[in-house]
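Single-structure report; data block below.
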Amino acid sequence: MSAPGVWNMMKFAWDNYKRYAWGKNELRPLTRNGHIGNMFGGLRGASIVDSLDTLYIMGLMDEYNDAKEWVKTSLDLNSNGEASLFEVNIRYVGGLLSAYYLTGEELFKNKAVELGEKLLPAFNTPTGIPRGVINLGSGTSWSWGWASAGSSILAEFGTLHLEFVHLTELSSNPVYTEKVMNIRKLLNKIEKPHGLYPNFLSPVSGNWVQHHVSIGGLGDSFYEYLIKSYLMSDKTDDDAKKMYYTALEAIEANLVQKSPGGLTYMAEWRGGILDHKMGHLACFSGGMIGIGADDGAPEKRQHYLDLAAEITHTCHESYTRSATKLGPEAFRFDSGAEAMATRLSDRYYILRPEVIESYMYMWRLTHDPKYREWGWEAVEALEQHCRVESGFSGIRDVYTTSVSHDNMQQSFFLSETLKYLYLLFSDDDLLSLEDWVFNTEAHPLPIIRNSCLQDDATQEKTASE
Ligand code: DMJ
């Protein structure tokens, strides 16, 4: 069990990306070519921007320098395609911001701010709630075709806060913070069914469109950004704090369940009816509840830490109950199932980080050696089933060891999965949680101390006294 083992995985993943897919968004490791996709609006090099900080903290300096050089000479922000506001923000803006804060290279700061500016037209809606898709060239924005009634998605418009506050910090332009504060205000004010935040909201009327609530996909990182906004503000952002703990109470009251076999899980909620399914994405919540435990009400702190440990345990069970020891995209707790996928279409694993992310946080918070053991089980399973000759690939069915690969090395494998594994086996002072918060793509952003944000909060408090 060691960080150098993970370092080797990163070097292997990176070298193959560089050899076969340089400048493309992601590596297709079986066909040995690059994948561009349509999430980034014509931007290229997603794996490069997503990897800058991982390469840097691992001391892969030649590789980091190649990546930096590519950003300098080839990251063209004047693209003209359809981009996901959310994906561009968490991977590109987040990746560039972290690279800047870790290295002090102005290049990254300038690119981050330049790109941030291109995202602003998405907020030109009657409510200021941004639409999900934006053409980076023309600034035209629209909602995802699959989102009901032209709605915006909670996990998308709710996952901008950390990056946008930092864009304001770096550019001294208040517009970024204003945009995300406006979202915050609307969400704070709006009536919430049972205190829960549904996943779909109309950017025109500002009303919920459907009552589907999930801590997994479509909802997930909105909750994560509430507690992290509080932590990143050096614990001065009291609105974020209040909203997070109130939401967590509603989640506990309505979604947290115990299976007949004693596993704690987060169900999904559809207009009051529970769907006893937990997505791999929802497994980030072990770590989230863990990092928020200490700032909860004193009588709740141990309870939150226990809940975080229970959820992380359940997610580990979803891994141990499969033949490959990797977890499925979604697992269920009904019709006799306990932490297992029951549908063929839920059996895949695409190199996602969330379970390992929770191991990393729980290790930092408790130093219980089981989290390192679990992390190492994942390393071995990744090496055995996802490593192919020219990179790492997702697999189509975690329940069979004669694996079928999906031919995709996701950029979040380099930015998140491998970074969290590396941190799990490193000392706590490497990107200490006292100084950094990680955005939802695992890009570290520094806690803002003595900032304007803090001064404003203090002034507001003094004014209201
Ligand atoms: C990443 O892009 C981020 O972690 C996001 O919050 C959810 N999906 C992927 C990883 O699974």
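In the structure tokens, the first chain shown is A, the next is B, and so on; residue numbers restart at 1 for each chain, and ligands run from 1 in the order shown.
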
Requested in this report: Do a neighbour search on Met61 in chain A at 10 Å with only C-alpha atoms, toss out local chain neighbours closer than 6 positions, and write the hits as number ranges by chain.
Outcome: A: 52, 55, 67

Selection above as a file: C-alpha atoms, as an mmCIF file, in the first residue's frame:
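Output (selection-v2.cif):
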```cif
data_model
loop_
_atom_site.group_PDB
_atom_site.id
_atom_site.type_symbol
_atom_site.label_atom_id
_atom_site.label_comp_id
_atom_site.auth_asym_id
_atom_site.auth_seq_id
_atom_site.Cartn_x
_atom_site.Cartn_y
_atom_site.Cartn_z
ATOM 1 C CA LEU A 52 -2.143 19.804 -14.214
ATOM 2 C CA LEU A 55 0.990 15.945 -12.046
ATOM 3 C CA ALA A 67 1.023 20.185 -19.900
#
```

Please identify every residue of chain A that has at least one atom no farther than 7 Å from an atom of ligand 1, counting only C-alpha atoms and all ligand atoms, and for each give the shortest atom pair and the distance in Å to one decimal, arranged by chain then increasing number, as a Markdown table.
```
| residue | atom | partner | partner_atom_place_in_ligand_line | distance |
| --- | --- | --- | --- | --- |
| A:Glu87 | CA | ligand 1 | 2 (O) | 6.9 |
| A:Ser221 | CA | ligand 1 | 6 (O) | 5.7 |
| A:Leu281 | CA | ligand 1 | 11 (O) | 6.0 |
| A:Arg352 | CA | ligand 1 | 11 (O) | 4.4 |
| A:Pro353 | CA | ligand 1 | 11 (O) | 5.8 |
| A:Glu354 | CA | ligand 1 | 11 (O) | 6.4 |
| A:Phe412 | CA | ligand 1 | 2 (O) | 5.6 |
| A:Thr440 | CA | ligand 1 | 6 (O) | 4.6 |
| A:Glu441 | CA | ligand 1 | 3 (C) | 4.6 |
```

Mind giving me the straight-line distance from CA of Ala323 in chain A to CA of Asp220 in chain A in Å, one decimal?
->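 Between these atoms lies a distance of 27.4 Å.
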
So which residues of range 322-412 of chain A fall under strand (DSSP E or B) by DSSP, listed as a VMD selection string? chain A and resid 330 to 332 340 349 387 to 388 391 to 392 395 405 409

Using only C-alpha atoms, determine which residues lie at most 7 Å from Val49 in chain A, disregarding the query and same-chain residues fewer than 4 positions distant; provide the list as JSON, numbers by chain. {"A": [45, 92, 95, 96]}

For the residues selected in the previous step, produce a file with N, CA, C and O atoms as a PDB file, in the first residue's frame.
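again31.pdb written:
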```pdb
ATOM      1  N   GLY A  45      -8.178  19.269 -24.980  1.00  0.00           N
ATOM      2  CA  GLY A  45      -7.190  19.027 -23.925  1.00  0.00           C
ATOM      3  C   GLY A  45      -7.774  18.893 -22.528  1.00  0.00           C
ATOM      4  O   GLY A  45      -7.101  19.222 -21.549  1.00  0.00           O
ATOM      5  N   TYR A  92     -12.355  22.773 -16.511  1.00  0.00           N
ATOM      6  CA  TYR A  92     -11.416  23.758 -17.065  1.00  0.00           C
ATOM      7  C   TYR A  92     -11.171  24.916 -16.098  1.00  0.00           C
ATOM      8  O   TYR A  92     -10.024  25.206 -15.762  1.00  0.00           O
ATOM      9  N   GLY A  95      -9.663  23.426 -12.984  1.00  0.00           N
ATOM     10  CA  GLY A  95      -8.300  22.928 -13.221  1.00  0.00           C
ATOM     11  C   GLY A  95      -7.304  24.073 -13.349  1.00  0.00           C
ATOM     12  O   GLY A  95      -6.197  24.022 -12.804  1.00  0.00           O
ATOM     13  N   LEU A  96      -7.703  25.128 -14.071  1.00  0.00           N
ATOM     14  CA  LEU A  96      -6.798  26.271 -14.263  1.00  0.00           C
ATOM     15  C   LEU A  96      -6.591  27.032 -12.946  1.00  0.00           C
ATOM     16  O   LEU A  96      -5.470  27.453 -12.630  1.00  0.00           O
TER      17      LEU A  96
END
```

Shell around Ser393 in chain A at 12 Å using only C-alpha atoms, local window under 5 positions removed, as a VMD selection string
chain A and resid 13 16 to 17 26 to 32 348 to 352 382 to 388 403 to 411 413 to 414

Restricting the calculation to only C-alpha atoms: of A:Trp146, A:Tyr197, A:Phe284, A:Trp374, which residue gets closest to Glu268 in chain A?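 Under the stated criterion, the closest residue is A:Tyr197.
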
Gly296 in chain A proximity check over A:Met181, A:Ile311, A:Val113, A:Ile227, using only C-alpha atoms: winner is A:Ile227

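Of the listed residues (A:Asp429, A:Glu178, A:Asp76, A:Glu416), A:Asp429 comes nearest to Arg364 in chain A; the distances count only C-alpha atoms.
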
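The residue that comes closest to Asp306 in chain A, out of A:Leu344, A:Leu226, A:Met362, A:Leu274 and on the basis of only C-alpha atoms, is A:Met362.
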
Contacts of Val355 in chain A within 10 Å, only C-alpha atoms, excl. fewer than 4 positions in-chain, as a VMD selection string | chain A and resid 280 to 287 311 to 316 318 to 319 326 to 327 359 to 360 374 to 375 378 417 420

Residues just named, written with C-alpha atoms as a compact mmCIF listing (two decimals), in the first residue's frame:
```txt
# COMPACT_ATOMS: atom_id res chain seq x y z
CA HIS A 280 -22.17 5.57 -7.42
CA LEU A 281 -22.24 9.38 -7.67
CA ALA A 282 -24.07 9.55 -4.32
CA CYS A 283 -21.10 7.86 -2.65
CA PHE A 284 -19.30 11.21 -2.44
CA SER A 285 -21.70 11.97 0.41
CA GLY A 286 -19.69 9.92 2.93
CA GLY A 287 -16.84 12.38 2.54
CA ILE A 311 -22.42 5.52 4.10
CA THR A 312 -18.77 4.98 3.18
CA HIS A 313 -19.09 1.42 4.49
CA THR A 314 -22.17 0.83 2.32
CA CYS A 315 -20.34 2.13 -0.75
CA HIS A 316 -17.42 -0.17 0.04
CA SER A 318 -21.10 -2.19 -3.27
CA TYR A 319 -17.50 -2.85 -4.33
CA LEU A 326 -15.26 -2.40 -8.32
CA GLY A 327 -18.69 -0.89 -7.79
CA TYR A 359 -12.17 6.84 1.73
CA MET A 360 -9.71 9.74 1.45
CA TRP A 374 -10.20 -0.31 1.07
CA GLY A 375 -8.35 2.17 -1.12
CA ALA A 378 -9.54 -0.47 -5.35
CA THR A 417 -9.62 9.02 -8.82
CA TYR A 420 -7.66 10.99 -4.14
```

Write out as a PyMOL selection string the residues lying within 9 Å of Trp208 in chain A, counting only C-alpha atoms and excluding same-chain residues fewer than 2 positions away. chain A and resi 151+190+192+197-202+205-206+210-211

Note to self: Using only C-alpha atoms, which protein or nucleic acid residues come within 12 Å of Glu252 in chain A? Drop anything in the same chain fewer than 3 positions from it, and give the result as a VMD selection string.
What the structure shows: chain A and resid 194 to 196 215 245 to 249 255 to 258 264 to 268 289 303 to 304 307 to 308

Output for the residues just chosen: C-alpha atoms as a short mmCIF file (atom, residue, chain, number, x, y, z; two decimals), in the first residue's frame:
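result-v3.cif written:
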```
data_model
loop_
_atom_site.label_atom_id
_atom_site.label_comp_id
_atom_site.auth_asym_id
_atom_site.auth_seq_id
_atom_site.Cartn_x
_atom_site.Cartn_y
_atom_site.Cartn_z
CA HIS A 194 -40.23 18.76 3.03
CA GLY A 195 -37.15 20.98 3.12
CA LEU A 196 -35.72 19.13 0.10
CA ILE A 215 -28.05 13.02 -3.56
CA TYR A 245 -27.23 21.73 7.75
CA THR A 246 -30.93 22.37 7.12
CA ALA A 247 -30.71 20.42 3.87
CA LEU A 248 -28.86 17.62 5.63
CA GLU A 249 -31.62 17.37 8.24
CA LEU A 255 -33.88 9.91 2.24
CA VAL A 256 -31.52 8.13 4.60
CA GLN A 257 -32.57 4.51 5.01
CA LYS A 258 -31.34 1.34 6.68
CA THR A 264 -27.25 2.77 5.65
CA TYR A 265 -27.99 4.29 2.26
CA MET A 266 -29.44 7.37 0.54
CA ALA A 267 -32.60 6.61 -1.39
CA GLU A 268 -34.00 8.86 -4.11
CA ILE A 289 -20.92 14.54 5.64
CA HIS A 303 -23.71 11.44 14.78
CA TYR A 304 -22.61 13.02 11.48
CA LEU A 307 -23.37 8.61 9.38
CA ALA A 308 -20.43 9.45 7.10
#
```
